[in-house]
$ cat entry_16.cif   # mmCIF, C-alpha atoms
data_work
loop_
_atom_site.label_atom_id
_atom_site.label_comp_id
_atom_site.auth_asym_id
_atom_site.auth_seq_id
_atom_site.Cartn_x
_atom_site.Cartn_y
_atom_site.Cartn_z
CA MET A 1 -29.18 -4.29 -2.03
CA ASP A 2 -32.52 -2.65 -1.24
CA SER A 3 -31.67 -2.32 2.47
CA GLN A 4 -28.34 -0.71 1.66
CA ARG A 5 -30.04 1.66 -0.81
CA GLU A 6 -32.60 2.63 1.85
CA VAL A 7 -29.98 3.36 4.53
CA LEU A 8 -27.76 5.33 2.15
CA GLY A 9 -30.82 7.31 1.05
CA ILE A 10 -31.64 8.22 4.66
CA VAL A 11 -28.12 9.54 5.20
CA ASN A 12 -27.55 11.23 1.85
CA ARG A 13 -30.94 12.98 1.76
CA SER A 14 -30.59 14.29 5.29
CA SER A 15 -28.01 17.01 4.75
CA ASP A 16 -25.68 18.60 2.25
CA TRP A 17 -22.67 16.50 3.25
CA SER A 18 -19.15 17.28 2.01
CA GLU A 19 -19.18 13.84 0.42
CA GLU A 20 -21.99 11.32 0.11
CA LEU A 21 -21.92 8.03 1.96
CA CYS A 22 -21.00 5.62 -0.86
CA GLY A 23 -21.47 2.26 0.83
CA LEU A 24 -21.83 0.51 4.15
CA SER A 25 -18.49 -1.27 4.35
CA GLU A 26 -16.40 -0.30 7.38
CA SER A 27 -13.91 1.51 5.15
CA SER A 28 -16.65 3.49 3.36
CA ILE A 29 -18.22 4.51 6.67
CA SER A 30 -14.83 5.54 8.11
CA ARG A 31 -14.07 7.66 5.06
CA TRP A 32 -17.47 9.35 5.21
CA LEU A 33 -17.15 10.13 8.93
CA GLN A 34 -13.70 11.61 8.41
CA VAL A 35 -14.59 13.70 5.36
CA ASN A 36 -17.67 15.08 7.12
CA SER A 37 -15.84 15.64 10.45
CA LEU A 38 -18.11 13.35 12.44
CA PRO A 39 -16.58 11.60 15.47
CA ASN A 40 -16.60 7.82 15.78
CA SER A 41 -18.49 8.27 19.03
CA SER A 42 -21.41 10.10 17.38
CA ARG A 43 -24.81 8.41 17.41
CA VAL A 44 -24.84 8.36 13.60
CA ALA A 45 -21.48 6.57 13.49
CA VAL A 46 -22.58 3.99 16.03
CA LEU A 47 -25.86 3.33 14.20
CA LEU A 48 -24.17 3.03 10.81
CA ARG A 49 -21.67 0.51 12.15
CA GLN A 50 -24.42 -1.54 13.77
CA ILE A 51 -26.35 -1.54 10.49
CA SER A 52 -23.23 -2.45 8.54
CA GLU A 53 -22.50 -5.41 10.79
CA LYS A 54 -26.00 -6.80 10.41
CA LEU A 55 -26.07 -6.22 6.66
CA PHE A 56 -22.76 -8.01 6.13
CA PHE A 57 -23.99 -10.91 8.19
CA LEU A 58 -27.20 -11.15 6.17
CA ALA A 59 -25.34 -10.74 2.89
CA THR A 60 -23.22 -13.78 3.65
CA LYS A 61 -26.40 -15.83 4.09
CA SER A 62 -24.25 -18.89 3.99
CA GLN A 63 -23.80 -19.89 7.58
CA GLU A 64 -26.56 -22.16 8.71
CA GLN A 65 -27.76 -20.09 11.65
CA VAL A 66 -28.65 -17.26 9.30
CA THR A 67 -31.82 -19.01 8.25
CA GLU A 68 -32.98 -19.11 11.85
CA GLU A 69 -31.85 -15.60 12.65
CA TYR A 70 -32.77 -13.98 9.36
CA LYS A 71 -36.14 -12.61 10.44
CA ALA A 72 -34.82 -11.27 13.74
CA LEU A 73 -31.87 -9.61 12.03
CA SER A 74 -34.07 -8.08 9.35
CA LYS A 75 -36.30 -6.65 12.05
CA ASP A 76 -33.28 -5.27 13.96
CA LEU A 77 -32.07 -3.69 10.75
CA GLN A 78 -35.37 -1.92 10.18
CA LEU A 79 -35.37 -0.62 13.76
CA LEU A 80 -31.83 0.69 13.35
CA ALA A 81 -32.78 2.36 10.04
CA ASN A 82 -35.71 4.03 11.84
CA ASP A 83 -33.33 5.24 14.58
CA LEU A 84 -31.01 6.61 11.92
CA GLN A 85 -33.90 8.42 10.26
CA THR A 86 -34.89 9.95 13.61
CA GLU A 87 -31.29 10.93 14.39
CA LEU A 88 -30.77 12.63 11.04
CA GLY A 89 -34.32 13.82 10.54
CA MET B 1 -11.71 -25.35 8.72
CA HIS B 2 -10.39 -24.47 5.28
CA ILE B 3 -9.25 -21.09 3.97
CA TYR B 4 -8.90 -20.36 0.25
CA ALA B 5 -7.78 -17.36 -1.77
CA PHE B 6 -9.67 -16.83 -5.01
CA GLY B 7 -10.19 -14.28 -7.75
CA SER B 8 -7.65 -11.94 -9.31
CA ILE B 9 -4.76 -12.97 -7.07
CA CYS B 10 -5.14 -16.57 -8.31
CA ARG B 11 -5.42 -15.50 -11.95
CA GLY B 12 -2.30 -13.35 -11.59
CA ASP B 13 -4.54 -10.60 -12.94
CA VAL B 14 -3.47 -7.95 -10.43
CA ASP B 15 -3.22 -4.18 -10.49
CA LYS B 16 -3.41 -1.39 -7.92
CA ASN B 17 -7.19 -1.79 -7.72
CA SER B 18 -7.05 -5.51 -6.95
CA ASP B 19 -8.09 -6.72 -3.55
CA ILE B 20 -7.47 -10.14 -2.03
CA ASP B 21 -10.52 -12.39 -1.97
CA LEU B 22 -10.60 -14.93 0.84
CA ILE B 23 -13.17 -17.56 1.72
CA ALA B 24 -13.40 -19.53 4.96
CA LEU B 25 -15.20 -22.87 5.03
CA VAL B 26 -16.44 -23.68 8.49
CA GLU B 27 -18.46 -26.29 10.32
CA GLY B 28 -21.84 -24.67 10.88
CA PHE B 29 -20.90 -21.33 12.39
CA ASP B 30 -17.59 -19.69 13.31
CA ASP B 31 -17.52 -16.12 14.64
CA ARG B 32 -13.72 -15.79 14.49
CA PHE B 33 -13.93 -14.56 10.90
CA ASP B 34 -14.63 -10.94 10.02
CA PRO B 35 -17.28 -11.01 7.26
CA SER B 36 -15.89 -7.82 5.76
CA THR B 37 -12.61 -9.67 5.10
CA PHE B 38 -13.80 -13.23 4.46
CA SER B 39 -16.67 -14.81 2.60
CA ILE B 40 -17.80 -17.36 5.17
CA TYR B 41 -19.49 -20.55 4.03
CA SER B 42 -20.50 -23.67 5.87
CA TYR B 43 -19.42 -26.99 4.30
CA LYS B 44 -23.09 -27.80 3.88
CA ARG B 45 -23.74 -24.62 1.89
CA ILE B 46 -20.69 -25.15 -0.31
CA LYS B 47 -21.91 -28.64 -1.19
CA GLU B 48 -25.31 -27.16 -2.06
CA ILE B 49 -23.90 -24.56 -4.45
CA TRP B 50 -21.70 -27.25 -6.07
CA GLU B 51 -24.79 -29.38 -6.53
CA ALA B 52 -26.73 -26.43 -7.99
CA GLY B 53 -23.96 -25.55 -10.47
CA ASN B 54 -23.97 -22.03 -8.99
CA PRO B 55 -21.64 -19.46 -10.68
CA PHE B 56 -19.77 -18.97 -7.41
CA ALA B 57 -19.09 -22.72 -7.29
CA TRP B 58 -17.62 -22.50 -10.79
CA HIS B 59 -15.60 -19.45 -9.74
CA LEU B 60 -14.10 -21.33 -6.80
CA ALA B 61 -13.56 -24.52 -8.82
CA THR B 62 -11.78 -22.56 -11.54
CA GLU B 63 -9.84 -19.95 -9.57
CA SER B 64 -9.08 -20.79 -5.96
CA ARG B 65 -5.99 -21.86 -4.05
CA LEU B 66 -5.87 -23.55 -0.68
CA VAL B 67 -4.26 -21.37 1.99
CA PHE B 68 -5.01 -23.41 5.10
CA SER B 69 -6.54 -26.79 5.87
CA SER B 70 -7.15 -28.04 9.40
CA ASP B 71 -7.15 -31.67 8.25
CA GLN B 72 -4.61 -31.60 5.39
CA SER B 73 -7.37 -32.16 2.83
CA ASP B 74 -8.23 -29.88 -0.08
CA PHE B 75 -11.99 -29.77 0.40
CA LEU B 76 -12.86 -27.97 -2.85
CA VAL B 77 -10.66 -30.18 -5.01
CA ASP B 78 -12.20 -33.22 -3.35
CA LEU B 79 -15.68 -31.96 -4.29
CA GLY B 80 -14.76 -32.35 -7.96
CA VAL B 81 -16.34 -30.41 -10.80
CA PRO B 82 -19.59 -28.52 -9.96
CA ASN B 83 -22.76 -29.53 -11.75
CA GLU B 84 -23.56 -27.92 -15.06
CA TYR B 85 -24.54 -24.23 -14.91
CA ARG B 86 -28.21 -24.12 -15.88
CA ASN B 87 -29.45 -20.74 -14.63
CA MET B 88 -27.80 -18.43 -17.12
CA ARG B 89 -31.10 -16.97 -18.30
CA SER B 90 -32.62 -16.29 -14.88
CA ASP B 91 -29.30 -15.01 -13.48
CA CYS B 92 -28.79 -12.67 -16.44
CA GLU B 93 -32.38 -11.44 -16.07
CA LYS B 94 -31.76 -10.80 -12.37
CA PHE B 95 -28.67 -8.69 -13.07
CA ALA B 96 -30.51 -6.84 -15.85
CA ARG B 97 -33.18 -5.90 -13.29
CA ILE B 98 -30.51 -4.72 -10.85
CA PHE B 99 -29.02 -2.63 -13.68
CA HIS B 100 -32.41 -1.13 -14.54
CA ASP B 101 -33.13 -0.15 -10.92
CA ALA B 102 -29.74 1.55 -10.59
CA ALA B 103 -29.98 3.23 -14.01
CA ARG B 104 -33.43 4.58 -13.08
CA ALA B 105 -32.06 5.99 -9.83
CA ILE B 106 -29.18 7.64 -11.70
CA GLU B 107 -31.54 9.15 -14.27
CA SER B 108 -33.69 10.58 -11.47
CA GLY B 109 -30.66 12.28 -9.88
CA THR B 110 -30.38 10.12 -6.75
CA GLU B 111 -28.51 11.48 -3.71
CA SER B 112 -26.62 8.16 -3.55
CA MET B 113 -25.03 8.53 -6.97
CA VAL B 114 -21.77 6.69 -6.23
CA PHE B 115 -23.62 3.71 -4.80
CA GLU B 116 -25.86 3.50 -7.87
CA LEU B 117 -22.89 3.81 -10.25
CA SER B 118 -21.22 1.06 -8.25
CA THR B 119 -24.36 -1.06 -8.62
CA VAL B 120 -24.30 -0.52 -12.38
CA PHE B 121 -20.73 -1.81 -12.43
CA LEU B 122 -21.68 -4.87 -10.36
CA ALA B 123 -24.68 -5.63 -12.59
CA ILE B 124 -22.69 -5.32 -15.83
CA ARG B 125 -19.84 -7.49 -14.51
CA ASN B 126 -22.06 -10.21 -13.09
CA PHE B 127 -24.34 -10.22 -16.15
CA ALA B 128 -21.30 -10.77 -18.39
CA THR B 129 -19.78 -13.39 -16.10
CA CYS B 130 -23.03 -15.41 -16.06
CA PHE B 131 -23.31 -15.06 -19.84
CA SER B 132 -19.70 -16.19 -20.29
CA LEU B 133 -20.35 -19.22 -18.09
CA GLY B 134 -22.80 -20.45 -20.70
CA THR B 135 -19.70 -21.25 -22.75
CA PRO B 136 -17.37 -22.83 -20.19
CA THR B 137 -14.23 -22.33 -22.25
CA GLN B 138 -14.96 -18.62 -22.24
CA SER B 139 -15.88 -18.25 -18.56
CA ASP B 140 -14.53 -15.01 -17.17
CA PHE B 141 -14.81 -14.09 -13.49
CA SER B 142 -12.74 -10.93 -13.66
CA ARG B 143 -14.10 -7.42 -13.22
CA PHE B 144 -13.37 -6.93 -16.92
CA SER B 145 -15.63 -9.81 -18.00
CA ALA B 146 -18.02 -7.46 -19.81
CA LYS B 147 -15.23 -5.77 -21.79
CA ARG B 148 -13.72 -9.14 -22.68
CA LEU B 149 -16.89 -10.89 -23.75
CA LYS B 150 -15.83 -12.33 -27.11
CA GLU B 151 -19.25 -12.43 -28.73
CA ALA B 152 -20.31 -8.94 -27.72
CA PRO B 153 -18.20 -6.77 -25.43
CA VAL B 154 -20.17 -4.14 -23.54
CA PRO B 155 -20.39 -0.98 -25.68
CA ILE B 156 -19.13 1.50 -23.14
CA SER B 157 -16.11 3.79 -23.40
CA SER B 158 -13.01 2.96 -21.40
CA SER B 159 -13.34 6.24 -19.51
CA SER B 160 -16.93 5.51 -18.41
CA PHE B 161 -16.02 1.94 -17.51
CA SER B 162 -13.17 3.27 -15.41
CA ILE B 163 -15.54 5.73 -13.63
CA LEU B 164 -17.89 2.85 -12.80
CA GLU B 165 -14.98 0.81 -11.48
CA ARG B 166 -13.88 3.74 -9.29
CA ALA B 167 -17.42 3.99 -7.95
CA ARG B 168 -17.35 0.30 -7.07
CA ILE B 169 -14.07 0.69 -5.17
CA LEU B 170 -15.36 3.81 -3.38
CA SER B 171 -18.52 1.98 -2.38
CA THR B 172 -16.89 -1.22 -1.18
CA ARG B 173 -13.44 -0.13 0.00
CA GLY B 174 -13.85 3.60 0.61
CA LYS B 175 -10.80 4.37 -1.51
CA GLY B 176 -10.20 6.71 -4.41
CA ASP B 177 -11.11 10.13 -5.74
CA ALA B 178 -14.70 11.30 -5.50
CA ILE B 179 -16.77 11.04 -8.69
CA LEU B 180 -17.31 14.43 -10.33
CA PRO B 181 -20.73 15.52 -11.70
CA SER B 182 -19.21 15.70 -15.20
CA GLU B 183 -18.10 12.06 -14.84
CA THR B 184 -21.58 11.01 -13.76
CA HIS B 185 -22.99 12.85 -16.78
CA SER B 186 -20.58 11.01 -19.05
CA VAL B 187 -21.65 7.60 -17.71
CA LYS B 188 -25.33 8.56 -17.88
CA SER B 189 -25.03 9.24 -21.59
CA GLU B 190 -23.95 5.62 -22.17
CA LEU B 191 -26.49 3.76 -20.04
CA ASP B 192 -28.91 3.35 -22.94
CA SER B 193 -26.24 1.52 -24.95
CA VAL B 194 -25.60 -0.80 -22.01
CA ASN B 195 -29.32 -1.45 -21.71
CA GLN B 196 -29.51 -2.37 -25.42
CA TRP B 197 -26.48 -4.65 -25.04
CA MET B 198 -28.13 -6.52 -22.18
CA ASN B 199 -31.40 -6.82 -24.12
CA GLU B 200 -29.61 -8.19 -27.19
CA LEU B 201 -27.78 -10.82 -25.15
CA LEU B 202 -30.98 -11.72 -23.28
CA ASN B 203 -32.75 -12.20 -26.61
CA ARG B 204 -30.04 -14.65 -27.66
CA ILE B 205 -30.54 -16.84 -24.62
CA ARG B 206 -34.35 -16.71 -24.45
#

$ encode --input "entry_16.cif" --output "structure tokens"
Amino acid sequence: MDSQREVLGIVNRSSDWSEELCGLSESSISRWLQVNSLPNSSRVAVLLRQISEKLFFLATKSQEQVTEEYKALSKDLQLLANDLQTELG
Amino acid sequence: MHIYAFGSICRGDVDKNSDIDLIALVEGFDDRFDPSTFSIYSYKRIKEIWEAGNPFAWHLATESRLVFSSDQSDFLVDLGVPNEYRNMRSDCEKFARIFHDAARAIESGTESMVFELSTVFLAIRNFATCFSLGTPTQSDFSRFSAKRLKEAPVPISSSSFSILERARILSTRGKGDAILPSETHSVKSELDSVNQWMNELLNRIR
């Protein structure tokens, strides 16, 4: 929840978008890209989808490997959030 | 591997806003499943939540239907009834905290307003579901659990509740009309009542 809030904050504070990014599901990201006329190939789109994938994986937290990979994924997530901040900053 | 449907589709409680909840039970790890479509649980983890009497175990035990079994067994039925639900107080306190964080963000005029409204909806629903589980005959896993709580339905207007539900769908499924500032204002004016409702119910279970 906190990670999602942080990432959405980075995006939504960065510009006066036509519509805010409401969530990090694939469908929410796709809607936001379309409404704000951003191509799927843009760096922001790629970063958001990478973040989304990692967040969904962490949110499941139910497959056994997650315990082992949790720290690495959390670190990756923070690095991606930093990249996003730089990209939009 | 086992695949189950659960939630509104199994209750027959469907409308245009209903989605289809699916869970895959796998041995250890299975990357064939898309986590945005399936909840993915290992058999080991499912046994743990059954043992802990977790609300999700009760949800699955009460409202799931087998869709596919690789060995002809019905794994969840074979697990029997989950252990007694004992964490109502701590779970309700957790969802009250989630509500407070989101309500604070809304009050401060957050840039991520739809997400925070969606979080309010999630917190209210899960708070009520956990509270209802304290009385097993009244357990309610639907998104309307807070409105249907027999002892004390959430004191929020239907229009505000509907705005929160729209926010949840926008945030998770990217569907629906954008939330207007006037709608946010309307919800904001009722957050204090929701806060009082949660506090009253928490006082009952403390």

$ resolve_selection --input "entry_16.cif" --expression "the PyMOL selection byres ((chain B) within 8 of (chain A))" --output "ChimeraX atom specification"
/B:28-29,35-36,39-42,45,111-115,170-175,178

$ resolve_selection --input "entry_16.cif" --expression "the PyMOL selection byres ((chain B and resi 8-20) around 10)" --output "list in words"
Ala5, Phe6, Gly7, Asp21, Leu22, Thr37, Phe38, Thr62, Glu63, Ser64, Arg65, Phe141, Ser142, Arg143, Glu165, Arg166, Ile169, Arg173, Lys175 and Gly176 of chain B

$ resolve_selection --input "entry_16.cif" --expression "the PyMOL selection byres ((chain B and resi 195) around 12)" --output "CSV table (one decimal) with C-alpha atoms, in the frame of the given file"
chain,number,residue,atom,x,y,z
B,93,GLU,CA,-32.4,-11.4,-16.1
B,95,PHE,CA,-28.7,-8.7,-13.1
B,96,ALA,CA,-30.5,-6.8,-15.8
B,97,ARG,CA,-33.2,-5.9,-13.3
B,98,ILE,CA,-30.5,-4.7,-10.8
B,99,PHE,CA,-29.0,-2.6,-13.7
B,100,HIS,CA,-32.4,-1.1,-14.5
B,101,ASP,CA,-33.1,-0.2,-10.9
B,102,ALA,CA,-29.7,1.6,-10.6
B,103,ALA,CA,-30.0,3.2,-14.0
B,104,ARG,CA,-33.4,4.6,-13.1
B,120,VAL,CA,-24.3,-0.5,-12.4
B,123,ALA,CA,-24.7,-5.6,-12.6
B,124,ILE,CA,-22.7,-5.3,-15.8
B,127,PHE,CA,-24.3,-10.2,-16.2
B,154,VAL,CA,-20.2,-4.1,-23.5
B,155,PRO,CA,-20.4,-1.0,-25.7
B,156,ILE,CA,-19.1,1.5,-23.1
B,188,LYS,CA,-25.3,8.6,-17.9
B,189,SER,CA,-25.0,9.2,-21.6
B,190,GLU,CA,-24.0,5.6,-22.2
B,191,LEU,CA,-26.5,3.8,-20.0
B,192,ASP,CA,-28.9,3.4,-22.9
B,193,SER,CA,-26.2,1.5,-25.0
B,194,VAL,CA,-25.6,-0.8,-22.0
B,196,GLN,CA,-29.5,-2.4,-25.4
B,197,TRP,CA,-26.5,-4.6,-25.0
B,198,MET,CA,-28.1,-6.5,-22.2
B,199,ASN,CA,-31.4,-6.8,-24.1
B,200,GLU,CA,-29.6,-8.2,-27.2
B,201,LEU,CA,-27.8,-10.8,-25.2
B,202,LEU,CA,-31.0,-11.7,-23.3

$ closest_residue --input "entry_16.cif" --among "A:Lys54, A:Ser74, A:Ser18, A:Gly89" --to "A:Val35" --atoms "only C-alpha atoms"
A:Ser18

$ build_atoms --input "entry_16.cif" --residues "stretch 10-36 of chain A" --atoms "N, CA, C and O atoms" --output "PDB file, keeping the file's coordinate frame"
ATOM      1  N   ILE A  10     -31.345   7.495   3.409  1.00  0.00           N
ATOM      2  CA  ILE A  10     -31.640   8.220   4.660  1.00  0.00           C
ATOM      3  C   ILE A  10     -30.507   9.195   4.975  1.00  0.00           C
ATOM      4  O   ILE A  10     -30.726  10.366   5.294  1.00  0.00           O
ATOM      5  N   VAL A  11     -29.280   8.699   4.860  1.00  0.00           N
ATOM      6  CA  VAL A  11     -28.120   9.540   5.200  1.00  0.00           C
ATOM      7  C   VAL A  11     -27.941  10.650   4.162  1.00  0.00           C
ATOM      8  O   VAL A  11     -27.844  11.835   4.504  1.00  0.00           O
ATOM      9  N   ASN A  12     -27.914  10.263   2.895  1.00  0.00           N
ATOM     10  CA  ASN A  12     -27.550  11.230   1.850  1.00  0.00           C
ATOM     11  C   ASN A  12     -28.614  12.290   1.603  1.00  0.00           C
ATOM     12  O   ASN A  12     -28.302  13.375   1.120  1.00  0.00           O
ATOM     13  N   ARG A  13     -29.864  11.983   1.935  1.00  0.00           N
ATOM     14  CA  ARG A  13     -30.940  12.980   1.760  1.00  0.00           C
ATOM     15  C   ARG A  13     -31.016  13.941   2.946  1.00  0.00           C
ATOM     16  O   ARG A  13     -31.643  14.979   2.852  1.00  0.00           O
ATOM     17  N   SER A  14     -30.354  13.567   4.047  1.00  0.00           N
ATOM     18  CA  SER A  14     -30.590  14.290   5.290  1.00  0.00           C
ATOM     19  C   SER A  14     -29.842  15.614   5.409  1.00  0.00           C
ATOM     20  O   SER A  14     -30.210  16.457   6.223  1.00  0.00           O
ATOM     21  N   SER A  15     -28.799  15.786   4.616  1.00  0.00           N
ATOM     22  CA  SER A  15     -28.010  17.010   4.750  1.00  0.00           C
ATOM     23  C   SER A  15     -27.148  17.190   3.500  1.00  0.00           C
ATOM     24  O   SER A  15     -26.994  16.260   2.703  1.00  0.00           O
ATOM     25  N   ASP A  16     -26.582  18.365   3.372  1.00  0.00           N
ATOM     26  CA  ASP A  16     -25.680  18.600   2.250  1.00  0.00           C
ATOM     27  C   ASP A  16     -24.261  18.255   2.699  1.00  0.00           C
ATOM     28  O   ASP A  16     -23.456  19.107   3.019  1.00  0.00           O
ATOM     29  N   TRP A  17     -23.965  16.965   2.747  1.00  0.00           N
ATOM     30  CA  TRP A  17     -22.670  16.500   3.250  1.00  0.00           C
ATOM     31  C   TRP A  17     -21.529  16.892   2.310  1.00  0.00           C
ATOM     32  O   TRP A  17     -21.760  17.069   1.108  1.00  0.00           O
ATOM     33  N   SER A  18     -20.323  16.983   2.848  1.00  0.00           N
ATOM     34  CA  SER A  18     -19.150  17.280   2.010  1.00  0.00           C
ATOM     35  C   SER A  18     -18.980  16.190   0.955  1.00  0.00           C
ATOM     36  O   SER A  18     -18.548  16.453  -0.164  1.00  0.00           O
ATOM     37  N   GLU A  19     -19.264  14.967   1.345  1.00  0.00           N
ATOM     38  CA  GLU A  19     -19.180  13.840   0.420  1.00  0.00           C
ATOM     39  C   GLU A  19     -20.279  12.867   0.790  1.00  0.00           C
ATOM     40  O   GLU A  19     -20.545  12.671   1.979  1.00  0.00           O
ATOM     41  N   GLU A  20     -20.917  12.267  -0.201  1.00  0.00           N
ATOM     42  CA  GLU A  20     -21.990  11.320   0.110  1.00  0.00           C
ATOM     43  C   GLU A  20     -21.436  10.050   0.739  1.00  0.00           C
ATOM     44  O   GLU A  20     -20.250   9.725   0.571  1.00  0.00           O
ATOM     45  N   LEU A  21     -22.289   9.357   1.461  1.00  0.00           N
ATOM     46  CA  LEU A  21     -21.920   8.030   1.960  1.00  0.00           C
ATOM     47  C   LEU A  21     -22.096   7.066   0.793  1.00  0.00           C
ATOM     48  O   LEU A  21     -23.191   6.934   0.239  1.00  0.00           O
ATOM     49  N   CYS A  22     -20.990   6.411   0.391  1.00  0.00           N
ATOM     50  CA  CYS A  22     -21.000   5.620  -0.860  1.00  0.00           C
ATOM     51  C   CYS A  22     -21.349   4.154  -0.639  1.00  0.00           C
ATOM     52  O   CYS A  22     -21.670   3.443  -1.586  1.00  0.00           O
ATOM     53  N   GLY A  23     -21.211   3.681   0.578  1.00  0.00           N
ATOM     54  CA  GLY A  23     -21.470   2.260   0.830  1.00  0.00           C
ATOM     55  C   GLY A  23     -21.467   2.022   2.328  1.00  0.00           C
ATOM     56  O   GLY A  23     -21.203   2.938   3.116  1.00  0.00           O
ATOM     57  N   LEU A  24     -21.752   0.801   2.718  1.00  0.00           N
ATOM     58  CA  LEU A  24     -21.830   0.510   4.150  1.00  0.00           C
ATOM     59  C   LEU A  24     -20.736  -0.453   4.614  1.00  0.00           C
ATOM     60  O   LEU A  24     -20.873  -1.120   5.638  1.00  0.00           O
ATOM     61  N   SER A  25     -19.657  -0.531   3.850  1.00  0.00           N
ATOM     62  CA  SER A  25     -18.490  -1.270   4.350  1.00  0.00           C
ATOM     63  C   SER A  25     -17.845  -0.408   5.443  1.00  0.00           C
ATOM     64  O   SER A  25     -18.038   0.817   5.478  1.00  0.00           O
ATOM     65  N   GLU A  26     -17.078  -1.033   6.304  1.00  0.00           N
ATOM     66  CA  GLU A  26     -16.400  -0.300   7.380  1.00  0.00           C
ATOM     67  C   GLU A  26     -15.535   0.814   6.796  1.00  0.00           C
ATOM     68  O   GLU A  26     -15.522   1.943   7.294  1.00  0.00           O
ATOM     69  N   SER A  27     -14.815   0.506   5.713  1.00  0.00           N
ATOM     70  CA  SER A  27     -13.910   1.510   5.150  1.00  0.00           C
ATOM     71  C   SER A  27     -14.689   2.681   4.532  1.00  0.00           C
ATOM     72  O   SER A  27     -14.237   3.830   4.610  1.00  0.00           O
ATOM     73  N   SER A  28     -15.843   2.394   3.939  1.00  0.00           N
ATOM     74  CA  SER A  28     -16.650   3.490   3.360  1.00  0.00           C
ATOM     75  C   SER A  28     -17.231   4.368   4.464  1.00  0.00           C
ATOM     76  O   SER A  28     -17.283   5.597   4.332  1.00  0.00           O
ATOM     77  N   ILE A  29     -17.676   3.727   5.540  1.00  0.00           N
ATOM     78  CA  ILE A  29     -18.220   4.510   6.670  1.00  0.00           C
ATOM     79  C   ILE A  29     -17.118   5.370   7.293  1.00  0.00           C
ATOM     80  O   ILE A  29     -17.320   6.564   7.558  1.00  0.00           O
ATOM     81  N   SER A  30     -15.942   4.783   7.508  1.00  0.00           N
ATOM     82  CA  SER A  30     -14.830   5.540   8.110  1.00  0.00           C
ATOM     83  C   SER A  30     -14.472   6.750   7.272  1.00  0.00           C
ATOM     84  O   SER A  30     -14.256   7.853   7.787  1.00  0.00           O
ATOM     85  N   ARG A  31     -14.404   6.549   5.956  1.00  0.00           N
ATOM     86  CA  ARG A  31     -14.070   7.660   5.060  1.00  0.00           C
ATOM     87  C   ARG A  31     -15.115   8.767   5.184  1.00  0.00           C
ATOM     88  O   ARG A  31     -14.789   9.942   5.289  1.00  0.00           O
ATOM     89  N   TRP A  32     -16.385   8.367   5.164  1.00  0.00           N
ATOM     90  CA  TRP A  32     -17.470   9.350   5.210  1.00  0.00           C
ATOM     91  C   TRP A  32     -17.438  10.148   6.521  1.00  0.00           C
ATOM     92  O   TRP A  32     -17.605  11.367   6.520  1.00  0.00           O
ATOM     93  N   LEU A  33     -17.208   9.452   7.634  1.00  0.00           N
ATOM     94  CA  LEU A  33     -17.150  10.130   8.930  1.00  0.00           C
ATOM     95  C   LEU A  33     -16.016  11.161   8.945  1.00  0.00           C
ATOM     96  O   LEU A  33     -16.179  12.295   9.398  1.00  0.00           O
ATOM     97  N   GLN A  34     -14.879  10.742   8.410  1.00  0.00           N
ATOM     98  CA  GLN A  34     -13.700  11.610   8.410  1.00  0.00           C
ATOM     99  C   GLN A  34     -13.911  12.843   7.528  1.00  0.00           C
ATOM    100  O   GLN A  34     -13.680  13.977   7.950  1.00  0.00           O
ATOM    101  N   VAL A  35     -14.391  12.600   6.308  1.00  0.00           N
ATOM    102  CA  VAL A  35     -14.590  13.700   5.360  1.00  0.00           C
ATOM    103  C   VAL A  35     -15.610  14.705   5.901  1.00  0.00           C
ATOM    104  O   VAL A  35     -15.497  15.911   5.689  1.00  0.00           O
ATOM    105  N   ASN A  36     -16.621  14.202   6.613  1.00  0.00           N
ATOM    106  CA  ASN A  36     -17.670  15.080   7.120  1.00  0.00           C
ATOM    107  C   ASN A  36     -17.463  15.493   8.584  1.00  0.00           C
ATOM    108  O   ASN A  36     -18.376  16.039   9.216  1.00  0.00           O
TER     109      ASN A  36
END
